[in-house]
Amino acid sequence: MERGMIVLGLFLVLVIFFIVDKGVRKWLNIEKSEGTSRYVNRFHILGTIALLALFFMVLSENNGGSHQDMFASGQAYTVIALLIISQLFDGYMHWRYHKNPREYVITLIFLAIMIVVVAVAFIMNLLLG
C-alpha cells in the first residue's frame, strides 16, 4: 500500500508541474524553449552532472535502508539540500545566460513547489512514521 501511495504522489506532483508550467508560461507570456536549449552552456551541463553524481552518491550510501533511516542519519536532509541547490543553479544559469531572460521564473516556481512537496512529505513522515 505504501508503494502505491508513493507512485500516486509522484504522479500528482508531475501533473501539478505540467499544469503550473503551462499556466505560468501563458500568464507571464514565457515561450517554451526548443530542444536542447535547457542547458545554456558547457558549464551548465557539467555543473548539473556533478550535482546529479553527488546526489546519487549520497543516495547510494543508504544501502537499502528505509526512509526513516535516511532521516535519522541526516541523508534525507542532504538529498533535499542537493535538490534545492540543483534548482538554484539551474535558475541562476537560466537567468544569467538563457536566450529567454524570463525562463528562470519557471525554474524558481518549480523550486517553490518542490519545497512545498518536500515539506508536506516530511510532515506526513512525522505524523505517520
# chains A, B, ... in the order shown; residues from 1 in each chain; ligands from 1
>>> residues_around(residues="Ser86 of chain A", least_positions_apart="2", cutoff="10 Å", atoms="only C-alpha atoms", output="ChimeraX atom specification")
/A:47-52,55,80-84,88-92,111
>>> residues_around(residues="segment 12-27 of chain A", least_positions_apart="3", cutoff="12 Å", atoms="only C-alpha atoms", output="list in words")
Met5, Ile6, Val7, Leu8, Gly9, Ile30, Glu31, Lys32, Ser33, Asn100, Arg102, Glu103, Tyr104, Val105, Ile106, Thr107, Leu108, Ile109, Phe110, Leu111, Ala112, Ile113, Met114, Ile115, Val116, Val117, Val118, Val120 and Ala121 of chain A
>>> select_by_dssp(residues="chain A", states="alpha helix (DSSP H)", output="PyMOL selection string")
chain A and resi 2-28+42-60+67-73+75-97+103-128
>>> residues_around(residues="Val40 of chain A", least_positions_apart="2", cutoff="10 Å", atoms="only C-alpha atoms", output="list of chain:residue names")
A:Thr36, A:Ser37, A:Arg38, A:Arg42, A:Phe43, A:His44, A:Ile45, A:Asp90, A:Met93, A:His94, A:Arg96, A:Tyr97, A:His98, A:Lys99
